[in-house]
file upload-v1.cif (mmCIF, C-alpha atoms and all ligand atoms)
data_target
loop_
_atom_site.label_atom_id
_atom_site.label_comp_id
_atom_site.auth_asym_id
_atom_site.auth_seq_id
_atom_site.Cartn_x
_atom_site.Cartn_y
_atom_site.Cartn_z
CA MET A 22 -17.77 -14.72 7.98
CA ALA A 23 -17.23 -17.60 5.50
CA LYS A 24 -13.65 -18.35 4.48
CA GLN A 25 -12.62 -15.96 1.73
CA THR A 26 -9.39 -15.08 -0.06
CA ALA A 27 -7.36 -11.90 0.29
CA LEU A 28 -4.63 -10.89 -2.16
CA VAL A 29 -1.96 -8.72 -0.53
CA THR A 30 0.81 -7.13 -2.58
CA GLY A 31 4.05 -6.31 -0.79
CA ALA A 32 3.42 -9.08 1.74
CA SER A 33 7.13 -9.81 2.27
CA ALA A 34 7.69 -6.94 4.71
CA GLY A 35 6.26 -4.08 6.75
CA LEU A 36 2.57 -3.25 6.47
CA GLY A 37 1.81 -5.94 3.87
CA ARG A 38 3.02 -8.70 6.17
CA GLU A 39 0.82 -7.30 8.97
CA TYR A 40 -2.20 -7.16 6.65
CA ALA A 41 -1.63 -10.82 5.75
CA ARG A 42 -1.50 -11.72 9.46
CA LEU A 43 -4.80 -9.90 10.09
CA PHE A 44 -6.61 -11.72 7.28
CA ALA A 45 -5.20 -15.07 8.43
CA HIS A 46 -6.25 -14.35 12.00
CA ASP A 47 -9.81 -13.80 10.75
CA GLY A 48 -9.76 -17.18 9.01
CA HIS A 49 -9.20 -16.11 5.41
CA ASP A 50 -6.87 -17.68 2.86
CA LEU A 51 -4.24 -15.57 1.15
CA VAL A 52 -2.46 -14.80 -2.08
CA LEU A 53 0.90 -13.34 -1.12
CA VAL A 54 2.68 -11.18 -3.73
CA ALA A 55 6.17 -9.61 -3.68
CA ARG A 56 9.59 -10.25 -5.22
CA ARG A 57 11.29 -12.02 -2.28
CA ARG A 58 9.92 -15.55 -2.50
CA GLU A 59 11.77 -16.85 0.57
CA ARG A 60 10.11 -14.16 2.74
CA LEU A 61 6.68 -15.07 1.34
CA ASP A 62 7.30 -18.79 1.89
CA GLU A 63 8.34 -18.08 5.46
CA LEU A 64 5.13 -16.07 6.06
CA SER A 65 3.06 -18.79 4.41
CA ARG A 66 4.51 -21.38 6.83
CA GLU A 67 3.90 -19.06 9.81
CA LEU A 68 0.23 -18.50 8.87
CA ALA A 69 -0.40 -22.19 8.13
CA ALA A 70 0.97 -23.15 11.55
CA ALA A 71 -0.84 -20.40 13.46
CA HIS A 72 -4.24 -20.38 11.72
CA GLY A 73 -4.37 -23.25 9.19
CA THR A 74 -4.24 -20.64 6.40
CA THR A 75 -3.74 -21.77 2.81
CA CYS A 76 -1.43 -19.34 1.00
CA LEU A 77 -0.70 -19.06 -2.69
CA VAL A 78 2.74 -17.48 -3.05
CA ILE A 79 3.39 -15.44 -6.20
CA ALA A 80 6.93 -14.09 -6.47
CA VAL A 81 6.78 -11.40 -9.11
CA ASP A 82 8.21 -7.96 -9.85
CA LEU A 83 5.22 -5.61 -10.05
CA ALA A 84 7.25 -3.24 -12.19
CA ALA A 85 7.21 -5.83 -14.98
CA PRO A 86 4.50 -5.22 -17.60
CA SER A 87 3.48 -8.91 -17.45
CA ALA A 88 3.02 -8.97 -13.65
CA GLY A 89 -0.75 -8.40 -13.61
CA GLN A 90 -1.36 -11.16 -16.15
CA GLN A 91 0.93 -13.57 -14.26
CA ILE A 92 -0.93 -12.92 -11.01
CA ALA A 93 -4.37 -13.31 -12.61
CA ASP A 94 -3.29 -16.55 -14.33
CA GLN A 95 -1.91 -18.08 -11.13
CA VAL A 96 -4.98 -17.07 -9.11
CA GLN A 97 -7.24 -18.63 -11.74
CA ALA A 98 -5.12 -21.80 -12.00
CA ALA A 99 -5.42 -22.21 -8.22
CA GLY A 100 -9.22 -21.95 -8.53
CA ARG A 101 -9.34 -18.85 -6.33
CA SER A 102 -11.56 -15.82 -6.45
CA ILE A 103 -10.39 -12.65 -4.75
CA ASP A 104 -12.70 -11.22 -2.09
CA PHE A 105 -10.24 -8.71 -0.63
CA LEU A 106 -7.61 -6.91 -2.72
CA VAL A 107 -4.91 -5.03 -0.82
CA ASN A 108 -2.75 -2.92 -3.12
CA ASN A 109 0.03 -2.27 -0.64
CA ALA A 110 3.35 -2.72 -2.51
CA ALA A 111 5.15 0.54 -3.20
CA PHE A 112 8.49 2.22 -2.74
CA GLY A 113 9.87 5.74 -2.59
CA GLY A 114 13.16 7.40 -3.45
CA ARG A 115 14.57 10.53 -1.86
CA GLY A 116 16.64 13.12 -3.70
CA ALA A 117 16.49 15.90 -6.25
CA PHE A 118 14.39 14.79 -9.23
CA ALA A 119 16.86 16.11 -11.85
CA ARG A 120 19.65 13.93 -10.46
CA SER A 121 17.51 10.85 -9.87
CA ASP A 122 17.77 7.57 -11.75
CA ARG A 123 15.19 7.72 -14.57
CA ARG A 124 14.60 3.97 -14.67
CA ARG A 125 13.85 3.89 -10.94
CA GLN A 126 11.45 6.86 -11.19
CA LEU A 127 9.50 5.05 -13.89
CA GLU A 128 9.55 1.77 -11.94
CA MET A 129 8.07 3.69 -9.02
CA ILE A 130 5.14 4.72 -11.17
CA ASP A 131 4.81 1.14 -12.47
CA VAL A 132 4.65 -0.37 -8.97
CA ASN A 133 2.87 2.40 -7.02
CA VAL A 134 0.34 3.35 -9.72
CA ARG A 135 0.15 1.09 -12.78
CA ALA A 136 0.13 -2.25 -10.93
CA LEU A 137 -2.49 -0.93 -8.48
CA VAL A 138 -4.77 0.17 -11.31
CA GLU A 139 -4.23 -3.05 -13.24
CA LEU A 140 -4.93 -5.40 -10.31
CA THR A 141 -8.00 -3.39 -9.36
CA HIS A 142 -9.25 -3.57 -12.93
CA ARG A 143 -8.60 -7.30 -13.16
CA PHE A 144 -10.29 -8.34 -9.89
CA LEU A 145 -13.12 -5.79 -9.57
CA PRO A 146 -15.54 -7.22 -12.18
CA ALA A 147 -15.87 -10.57 -10.37
CA MET A 148 -16.42 -8.76 -7.06
CA LEU A 149 -19.20 -6.77 -8.69
CA GLU A 150 -20.75 -9.96 -10.05
CA ARG A 151 -20.75 -11.47 -6.56
CA LYS A 152 -22.00 -8.13 -5.17
CA GLN A 153 -19.32 -8.20 -2.50
CA GLY A 154 -15.70 -7.30 -2.16
CA ARG A 155 -13.27 -4.98 -0.47
CA ILE A 156 -10.42 -3.04 -2.07
CA LEU A 157 -7.83 -1.50 0.21
CA ASN A 158 -5.28 0.79 -1.43
CA ILE A 159 -2.38 1.94 0.70
CA ALA A 160 -1.79 5.61 0.02
CA SER A 161 -0.07 7.95 2.49
CA ILE A 162 -0.44 11.39 4.03
CA ALA A 163 2.12 12.15 1.31
CA GLY A 164 -0.89 11.90 -1.01
CA PHE A 165 -2.20 15.21 0.34
CA VAL A 166 0.93 17.30 -0.34
CA PRO A 167 3.50 17.98 -3.05
CA GLY A 168 6.80 16.42 -1.90
CA PRO A 169 9.96 18.23 -2.96
CA PHE A 170 12.90 15.76 -2.97
CA MET A 171 10.43 12.85 -3.21
CA ALA A 172 8.35 14.35 -6.01
CA THR A 173 7.39 11.18 -7.87
CA TYR A 174 6.58 9.21 -4.73
CA TYR A 175 4.28 11.91 -3.31
CA ALA A 176 2.59 12.34 -6.69
CA SER A 177 2.07 8.57 -6.93
CA LYS A 178 0.29 8.64 -3.57
CA ALA A 179 -1.85 11.63 -4.65
CA PHE A 180 -2.92 9.42 -7.55
CA VAL A 181 -3.85 6.60 -5.16
CA VAL A 182 -5.97 8.89 -2.97
CA SER A 183 -7.77 10.47 -5.94
CA PHE A 184 -8.28 7.17 -7.78
CA THR A 185 -9.60 5.41 -4.69
CA GLU A 186 -12.02 8.20 -3.77
CA ALA A 187 -13.40 8.29 -7.30
CA LEU A 188 -13.71 4.50 -7.42
CA ALA A 189 -15.45 4.41 -4.04
CA SER A 190 -18.00 6.85 -5.38
CA GLU A 191 -18.60 4.74 -8.53
CA LEU A 192 -19.01 1.63 -6.37
CA HIS A 193 -21.62 3.11 -4.07
CA GLY A 194 -24.49 0.65 -3.57
CA THR A 195 -22.77 -2.26 -5.36
CA GLY A 196 -21.67 -4.22 -2.28
CA VAL A 197 -18.02 -3.53 -3.16
CA THR A 198 -16.06 -0.79 -1.40
CA ALA A 199 -12.74 0.98 -1.93
CA THR A 200 -10.66 2.39 0.92
CA ALA A 201 -7.49 4.50 0.87
CA SER A 202 -5.39 4.10 4.00
CA CYS A 203 -3.12 7.12 4.49
CA PRO A 204 -0.41 6.43 7.07
CA GLY A 205 2.31 8.81 8.17
CA PRO A 206 5.92 7.73 8.79
CA THR A 207 5.90 4.12 9.99
CA ALA A 208 8.66 1.80 11.16
CA THR A 209 9.04 -0.64 8.23
CA GLU A 210 11.73 -1.16 5.57
CA PHE A 211 10.29 1.80 3.63
CA GLY A 212 12.65 4.46 5.08
CA ASP A 213 15.79 2.47 4.21
CA VAL A 214 14.57 1.57 0.71
CA ALA A 215 13.67 5.21 0.01
CA GLY A 216 16.87 6.58 1.53
CA SER A 217 14.69 8.56 3.94
CA SER A 218 15.89 7.13 7.23
CA GLY A 219 18.16 10.17 7.71
CA SER A 220 15.50 12.75 6.85
CA ASN A 221 13.76 15.15 9.23
CA LEU A 222 10.48 13.34 8.51
CA PHE A 223 11.77 9.99 9.76
CA ARG A 224 13.38 11.70 12.75
CA ARG A 225 9.88 12.19 14.14
CA HIS A 226 8.00 9.57 16.08
CA LEU A 227 7.36 6.58 13.80
CA SER A 228 4.07 4.69 14.02
CA ASP A 229 4.30 0.94 14.44
CA ALA A 230 3.28 -1.28 11.53
CA VAL A 231 0.90 -3.45 13.60
CA SER A 232 -1.37 -0.57 14.69
CA VAL A 233 -1.25 1.16 11.27
CA ALA A 234 -2.29 -2.08 9.53
CA ARG A 235 -5.00 -2.72 12.10
CA HIS A 236 -6.42 0.77 11.47
CA GLY A 237 -6.47 0.25 7.70
CA TYR A 238 -7.96 -3.22 8.05
CA ARG A 239 -10.84 -1.98 10.21
CA ALA A 240 -11.46 0.95 7.85
CA MET A 241 -11.61 -1.46 4.92
CA LEU A 242 -14.13 -3.70 6.70
CA ALA A 243 -16.23 -0.63 7.56
CA GLY A 244 -16.04 0.63 3.96
CA THR A 245 -14.48 3.95 5.03
CA VAL A 246 -13.26 5.81 1.94
CA VAL A 247 -10.24 7.71 3.32
CA ALA A 248 -8.67 6.52 6.58
CA ILE A 249 -5.83 8.32 8.35
CA PRO A 250 -4.29 6.44 11.30
CA GLY A 251 -3.10 8.41 14.33
CA LEU A 252 -4.04 11.80 15.77
CA GLN A 253 -0.86 13.54 14.62
CA ASN A 254 -1.41 12.42 11.02
CA LYS A 255 -5.07 13.48 11.14
CA LEU A 256 -4.04 16.92 12.39
CA SER A 257 -1.34 17.17 9.68
CA ALA A 258 -3.89 16.30 6.99
CA GLN A 259 -6.29 18.97 8.30
CA SER A 260 -3.63 21.69 8.48
CA ILE A 261 -2.44 20.85 4.95
CA ARG A 262 -5.98 21.64 3.74
CA ILE A 263 -6.04 25.13 5.22
CA ALA A 264 -2.39 26.24 4.97
CA PRO A 265 -1.19 28.23 1.91
CA ARG A 266 0.34 25.88 -0.71
CA ALA A 267 3.69 27.72 -0.65
CA VAL A 268 3.94 27.03 3.08
CA VAL A 269 2.95 23.38 2.58
CA ARG A 270 5.64 22.96 -0.12
CA ALA A 271 8.31 24.58 2.07
CA ILE A 272 7.45 22.36 5.05
CA ALA A 273 7.47 19.19 2.92
CA ALA A 274 10.85 20.17 1.43
CA GLY A 275 12.22 20.64 4.95
CA LEU A 276 10.88 17.30 6.12
CA ASN A 277 12.50 15.49 3.20
CA SER A 278 15.85 17.18 3.84
CA ASP A 279 18.66 15.72 5.90
CA ARG A 280 18.23 15.38 9.60
CA ARG A 281 18.98 18.54 11.56
CA LYS A 282 21.94 18.07 13.86
N1 LIG L 301 6.48 3.14 6.09
C1 LIG L 301 6.02 4.36 5.89
O1 LIG L 301 6.52 5.34 6.47
C2 LIG L 301 4.82 4.58 5.02
C3 LIG L 301 4.06 5.76 5.19
C4 LIG L 301 2.96 5.95 4.38
C5 LIG L 301 2.60 5.01 3.44
N2 LIG L 301 3.35 3.88 3.29
C6 LIG L 301 2.93 2.93 2.27
O2 LIG L 301 2.72 1.68 2.89
C7 LIG L 301 2.85 0.65 1.91
C8 LIG L 301 3.72 -0.47 2.47
O3 LIG L 301 5.02 0.02 2.65
P1 LIG L 301 5.91 -0.42 3.88
O4 LIG L 301 6.08 0.77 4.74
O5 LIG L 301 5.41 -1.67 4.48
O6 LIG L 301 7.30 -0.65 3.13
P2 LIG L 301 8.30 -1.90 3.05
O7 LIG L 301 8.52 -2.46 4.41
O8 LIG L 301 9.47 -1.39 2.28
O9 LIG L 301 7.48 -2.96 2.18
C9 LIG L 301 7.25 -2.74 0.81
C10 LIG L 301 6.69 -4.00 0.18
O10 LIG L 301 6.49 -3.74 -1.22
C11 LIG L 301 7.10 -4.78 -1.97
N3 LIG L 301 7.59 -4.28 -3.25
C12 LIG L 301 8.38 -3.20 -3.48
N4 LIG L 301 8.72 -3.12 -4.78
C13 LIG L 301 8.11 -4.19 -5.40
C14 LIG L 301 8.10 -4.68 -6.72
N5 LIG L 301 8.79 -4.08 -7.70
N6 LIG L 301 7.38 -5.79 -7.00
C15 LIG L 301 6.71 -6.44 -6.00
N7 LIG L 301 6.69 -6.02 -4.73
C16 LIG L 301 7.39 -4.92 -4.42
C17 LIG L 301 8.26 -5.25 -1.10
O11 LIG L 301 8.55 -6.62 -1.40
P3 LIG L 301 9.85 -7.15 -2.17
O12 LIG L 301 10.99 -6.22 -1.88
O13 LIG L 301 10.03 -8.52 -1.62
O14 LIG L 301 9.46 -7.17 -3.61
C18 LIG L 301 7.65 -5.17 0.29
O15 LIG L 301 6.93 -6.34 0.59
C19 LIG L 301 3.40 1.34 0.66
O16 LIG L 301 2.34 1.58 -0.23
C20 LIG L 301 3.95 2.65 1.19
O17 LIG L 301 3.98 3.64 0.20
C21 LIG L 301 4.43 3.65 4.06
#
call {"tool": "encode", "arguments": {"input": "upload-v1.cif", "output": "structure tokens", "more": "lines below"}}
Ligand SMILES: NC(=O)c1ccc[n+]([C@@H]2O[C@H](COP(=O)([O-])OP(=O)(O)OC[C@H]3O[C@@H](n4cnc5c(N)ncnc54)[C@H](OP(=O)(O)O)[C@@H]3O)[C@@H](O)[C@H]2O)c1
result
Amino acid sequence: MAKQTALVTGASAGLGREYARLFAHDGHDLVLVARRRERLDELSRELAAAHGTTCLVIAVDLAAPSAGQQIADQVQAAGRSIDFLVNNAAFGGRGAFARSDRRRQLEMIDVNVRALVELTHRFLPAMLERKQGRILNIASIAGFVPGPFMATYYASKAFVVSFTEALASELHGTGVTATASCPGPTATEFGDVAGSSGSNLFRRHLSDAVSVARHGYRAMLAGTVVAIPGLQNKLSAQSIRIAPRAVVRAIAAGLNSDRRK
């Protein structure tokens, strides 16, 4: 495959960093996006040394309304076109919705939903013109269930699954594909940021970021629309479909509650 450019949001940690490593390993250049510039610079140096990758680092807060424009401007100024777009950056927050911080709830929607839609909308037309491109949106198995005590996060991931499936259908036959990767609990910084590390959900076996990213990466290359890594997560997704909604809600509430002693 000729050298192409992948833009990965949330590349400073967890799954995003692993996605960046996979693209670099396959010989592609990168646009690395997140807030922590020093982490992105460190990754950029690592990938340059290991694979000769050229990285454009964009340190930006995706919750800011100007973020999409800033990213598009910097990509254009660097003379890059985006062949792979990985909308990976997101965060969660655990707790009762009524007592949650309103600003943080709205930021969650800005990062997990609005930025994903905006970046897709900005970079898709050029992919369609070139008749090739891959969009990988990181959703979650949380996207298949309502999530009491993480209501906004789960709803944001339901948006990502629905949006990506619809987009994939619109893109059929264009040479551009859209994939939603739907991991279960994975060992990254996510649990600590969300305050979920002490929950029953994160008490279970955690997948490792390398294999989850590899699964999503392969699914994206294959143009799979919805990809669920791991047998346990696949089984969970199936049982969610057939179980009564009241049961699904009760189980999700239990999983987001504090760890059983
Ligand atoms: N880990 C899990 O259990 C799990 C399960 C299912 C799905 N997921 C999904 O997987 C994706 C990656 O999460 P992860 O597990 O790798 O979490 P992580 O280790 O916490 O990484 C999150 C990334 O998002 C970036 N980010 C967060 N807020 C941002 C903002 N306002 N502006 C720019 N970047 C921001 C962070 O960078 P900075 O802090 O440097 O900005 C970081 O690079 C997310 O979409 C998450 O919902 C995770």
call {"tool": "residues_around", "arguments": {"input": "upload-v1.cif", "residues": "Val107 of chain A", "least_positions_apart": "4", "cutoff": "12 Å", "atoms": "only C-alpha atoms", "output": "ChimeraX atom specification"}}
result
/A:26-32,36-41,43-44,51-54,103,111,136-138,140-141,144,154-160,198-202,234,237-238,241-242
call {"tool": "residues_near_ligand", "arguments": {"input": "upload-v1.cif", "ligand": "ligand LIG 301 (chain L)", "cutoff": "7 Å", "atoms": "all atoms listed in the file", "output": "ChimeraX atom specification"}}
result
/A:30-37,54-57,81-84,109-113,132-133,159-163,203-212,214
call {"tool": "residues_around", "arguments": {"input": "upload-v1.cif", "residues": "segment 92-100 of chain A", "least_positions_apart": "2", "cutoff": "8 Å", "atoms": "only C-alpha atoms", "output": "ChimeraX atom specification"}}
result
/A:52,77,79,88-90,102,143
call {"tool": "closest_residue", "arguments": {"input": "upload-v1.cif", "among": "A:Arg60, A:Arg123, A:Leu227, A:Val166", "to": "Pro265 of chain A", "atoms": "only C-alpha atoms"}}
result
A:Val166
call {"tool": "closest_atom_pairs", "arguments": {"input": "upload-v1.cif", "of": "segment 231-282 of chain A", "to": "segment 218-225 of chain A", "cutoff": "6 Å", "atoms": "all atoms listed in the file", "output": "JSON lines"}}
result
{"residue": "A:Leu276", "atom": "CA", "partner": "A:Leu222", "partner_atom": "CA", "distance": 4.6}
{"residue": "A:Asn277", "atom": "CA", "partner": "A:Ser220", "partner_atom": "CA", "distance": 5.5}
{"residue": "A:Ser278", "atom": "CA", "partner": "A:Ser220", "partner_atom": "CA", "distance": 5.4}
{"residue": "A:Asp279", "atom": "CA", "partner": "A:Ser220", "partner_atom": "CA", "distance": 4.4}
{"residue": "A:Arg280", "atom": "CA", "partner": "A:Asn221", "partner_atom": "CA", "distance": 4.5}
call {"tool": "residues_around", "arguments": {"input": "upload-v1.cif", "residues": "Phe165 of chain A", "least_positions_apart": "2", "cutoff": "9 Å", "atoms": "all atoms listed in the file", "output": "short mmCIF file (atom, residue, chain, number, x, y, z; two decimals) with C-alpha atoms, in the frame of the given file"}}
result
data_model
loop_
_atom_site.label_atom_id
_atom_site.label_comp_id
_atom_site.auth_asym_id
_atom_site.auth_seq_id
_atom_site.Cartn_x
_atom_site.Cartn_y
_atom_site.Cartn_z
CA SER A 161 -0.07 7.95 2.49
CA ILE A 162 -0.44 11.39 4.03
CA ALA A 163 2.12 12.15 1.31
CA PRO A 167 3.50 17.98 -3.05
CA TYR A 175 4.28 11.91 -3.31
CA ALA A 176 2.59 12.34 -6.69
CA LYS A 178 0.29 8.64 -3.57
CA ALA A 179 -1.85 11.63 -4.65
CA VAL A 182 -5.97 8.89 -2.97
CA ALA A 258 -3.89 16.30 6.99
CA ILE A 261 -2.44 20.85 4.95
CA ARG A 262 -5.98 21.64 3.74
#
call {"tool": "atom_distance", "arguments": {"input": "upload-v1.cif", "atom1": "atom CA of Phe180 of chain A", "atom2": "atom CA of Ala80 of chain A"}}
result
25.5 Å
call {"tool": "build_atoms", "arguments": {"input": "upload-v1.cif", "residues": "segment 145-174 of chain A", "atoms": "N, CA and C atoms", "output": "PDB file, in the frame of the given file"}}
result
ATOM      1  N   LEU A 145     -11.860  -6.460  -9.904  1.00  0.00           N
ATOM      2  CA  LEU A 145     -13.120  -5.790  -9.570  1.00  0.00           C
ATOM      3  C   LEU A 145     -14.363  -6.396 -10.248  1.00  0.00           C
ATOM      4  N   PRO A 146     -14.318  -6.727 -11.545  1.00  0.00           N
ATOM      5  CA  PRO A 146     -15.540  -7.220 -12.180  1.00  0.00           C
ATOM      6  C   PRO A 146     -16.152  -8.434 -11.483  1.00  0.00           C
ATOM      7  N   ALA A 147     -15.320  -9.376 -11.043  1.00  0.00           N
ATOM      8  CA  ALA A 147     -15.870 -10.570 -10.370  1.00  0.00           C
ATOM      9  C   ALA A 147     -16.446 -10.196  -9.011  1.00  0.00           C
ATOM     10  N   MET A 148     -15.844  -9.224  -8.343  1.00  0.00           N
ATOM     11  CA  MET A 148     -16.420  -8.760  -7.060  1.00  0.00           C
ATOM     12  C   MET A 148     -17.801  -8.171  -7.318  1.00  0.00           C
ATOM     13  N   LEU A 149     -17.914  -7.401  -8.374  1.00  0.00           N
ATOM     14  CA  LEU A 149     -19.200  -6.770  -8.690  1.00  0.00           C
ATOM     15  C   LEU A 149     -20.246  -7.829  -9.031  1.00  0.00           C
ATOM     16  N   GLU A 150     -19.815  -8.863  -9.738  1.00  0.00           N
ATOM     17  CA  GLU A 150     -20.750  -9.960 -10.050  1.00  0.00           C
ATOM     18  C   GLU A 150     -21.264 -10.630  -8.786  1.00  0.00           C
ATOM     19  N   ARG A 151     -20.362 -10.821  -7.836  1.00  0.00           N
ATOM     20  CA  ARG A 151     -20.750 -11.470  -6.560  1.00  0.00           C
ATOM     21  C   ARG A 151     -21.427 -10.481  -5.610  1.00  0.00           C
ATOM     22  N   LYS A 152     -21.422  -9.215  -5.997  1.00  0.00           N
ATOM     23  CA  LYS A 152     -22.000  -8.130  -5.170  1.00  0.00           C
ATOM     24  C   LYS A 152     -21.331  -8.035  -3.817  1.00  0.00           C
ATOM     25  N   GLN A 153     -20.067  -8.413  -3.752  1.00  0.00           N
ATOM     26  CA  GLN A 153     -19.320  -8.200  -2.500  1.00  0.00           C
ATOM     27  C   GLN A 153     -17.831  -8.199  -2.769  1.00  0.00           C
ATOM     28  N   GLY A 154     -17.144  -7.375  -2.019  1.00  0.00           N
ATOM     29  CA  GLY A 154     -15.700  -7.300  -2.160  1.00  0.00           C
ATOM     30  C   GLY A 154     -15.183  -6.059  -1.474  1.00  0.00           C
ATOM     31  N   ARG A 155     -13.908  -6.111  -1.141  1.00  0.00           N
ATOM     32  CA  ARG A 155     -13.270  -4.980  -0.470  1.00  0.00           C
ATOM     33  C   ARG A 155     -11.930  -4.707  -1.157  1.00  0.00           C
ATOM     34  N   ILE A 156     -11.710  -3.441  -1.502  1.00  0.00           N
ATOM     35  CA  ILE A 156     -10.420  -3.040  -2.070  1.00  0.00           C
ATOM     36  C   ILE A 156      -9.779  -2.065  -1.096  1.00  0.00           C
ATOM     37  N   LEU A 157      -8.560  -2.379  -0.707  1.00  0.00           N
ATOM     38  CA  LEU A 157      -7.830  -1.500   0.210  1.00  0.00           C
ATOM     39  C   LEU A 157      -6.551  -1.046  -0.501  1.00  0.00           C
ATOM     40  N   ASN A 158      -6.470   0.236  -0.788  1.00  0.00           N
ATOM     41  CA  ASN A 158      -5.280   0.790  -1.430  1.00  0.00           C
ATOM     42  C   ASN A 158      -4.476   1.563  -0.391  1.00  0.00           C
ATOM     43  N   ILE A 159      -3.193   1.240  -0.290  1.00  0.00           N
ATOM     44  CA  ILE A 159      -2.380   1.940   0.700  1.00  0.00           C
ATOM     45  C   ILE A 159      -1.795   3.178   0.047  1.00  0.00           C
ATOM     46  N   ALA A 160      -2.293   4.322   0.494  1.00  0.00           N
ATOM     47  CA  ALA A 160      -1.790   5.610   0.020  1.00  0.00           C
ATOM     48  C   ALA A 160      -0.814   6.119   1.071  1.00  0.00           C
ATOM     49  N   SER A 161      -0.991   7.350   1.516  1.00  0.00           N
ATOM     50  CA  SER A 161      -0.070   7.950   2.490  1.00  0.00           C
ATOM     51  C   SER A 161      -0.559   9.366   2.768  1.00  0.00           C
ATOM     52  N   ILE A 162      -0.151   9.956   3.898  1.00  0.00           N
ATOM     53  CA  ILE A 162      -0.440  11.390   4.030  1.00  0.00           C
ATOM     54  C   ILE A 162       0.367  12.167   2.985  1.00  0.00           C
ATOM     55  N   ALA A 163       1.390  11.529   2.435  1.00  0.00           N
ATOM     56  CA  ALA A 163       2.120  12.150   1.310  1.00  0.00           C
ATOM     57  C   ALA A 163       1.192  12.413   0.126  1.00  0.00           C
ATOM     58  N   GLY A 164       0.063  11.709   0.085  1.00  0.00           N
ATOM     59  CA  GLY A 164      -0.890  11.900  -1.010  1.00  0.00           C
ATOM     60  C   GLY A 164      -1.641  13.216  -0.945  1.00  0.00           C
ATOM     61  N   PHE A 165      -1.494  13.935   0.178  1.00  0.00           N
ATOM     62  CA  PHE A 165      -2.200  15.210   0.340  1.00  0.00           C
ATOM     63  C   PHE A 165      -1.313  16.419   0.064  1.00  0.00           C
ATOM     64  N   VAL A 166      -0.012  16.180  -0.184  1.00  0.00           N
ATOM     65  CA  VAL A 166       0.930  17.300  -0.340  1.00  0.00           C
ATOM     66  C   VAL A 166       1.884  17.073  -1.512  1.00  0.00           C
ATOM     67  N   PRO A 167       2.393  18.162  -2.116  1.00  0.00           N
ATOM     68  CA  PRO A 167       3.500  17.980  -3.050  1.00  0.00           C
ATOM     69  C   PRO A 167       4.764  17.697  -2.230  1.00  0.00           C
ATOM     70  N   GLY A 168       5.654  16.851  -2.712  1.00  0.00           N
ATOM     71  CA  GLY A 168       6.800  16.420  -1.900  1.00  0.00           C
ATOM     72  C   GLY A 168       8.137  16.702  -2.528  1.00  0.00           C
ATOM     73  N   PRO A 169       8.628  17.938  -2.413  1.00  0.00           N
ATOM     74  CA  PRO A 169       9.960  18.230  -2.960  1.00  0.00           C
ATOM     75  C   PRO A 169      11.000  17.248  -2.414  1.00  0.00           C
ATOM     76  N   PHE A 170      11.856  16.754  -3.252  1.00  0.00           N
ATOM     77  CA  PHE A 170      12.900  15.760  -2.970  1.00  0.00           C
ATOM     78  C   PHE A 170      12.345  14.336  -2.821  1.00  0.00           C
ATOM     79  N   MET A 171      11.016  14.193  -3.029  1.00  0.00           N
ATOM     80  CA  MET A 171      10.430  12.850  -3.210  1.00  0.00           C
ATOM     81  C   MET A 171       9.244  13.044  -4.138  1.00  0.00           C
ATOM     82  N   ALA A 172       9.464  13.833  -5.189  1.00  0.00           N
ATOM     83  CA  ALA A 172       8.350  14.350  -6.010  1.00  0.00           C
ATOM     84  C   ALA A 172       7.501  13.231  -6.612  1.00  0.00           C
ATOM     85  N   THR A 173       8.144  12.238  -7.184  1.00  0.00           N
ATOM     86  CA  THR A 173       7.390  11.180  -7.870  1.00  0.00           C
ATOM     87  C   THR A 173       6.621  10.330  -6.869  1.00  0.00           C
ATOM     88  N   TYR A 174       7.265  10.026  -5.750  1.00  0.00           N
ATOM     89  CA  TYR A 174       6.580   9.210  -4.730  1.00  0.00           C
ATOM     90  C   TYR A 174       5.322   9.921  -4.228  1.00  0.00           C
TER      91      TYR A 174
END
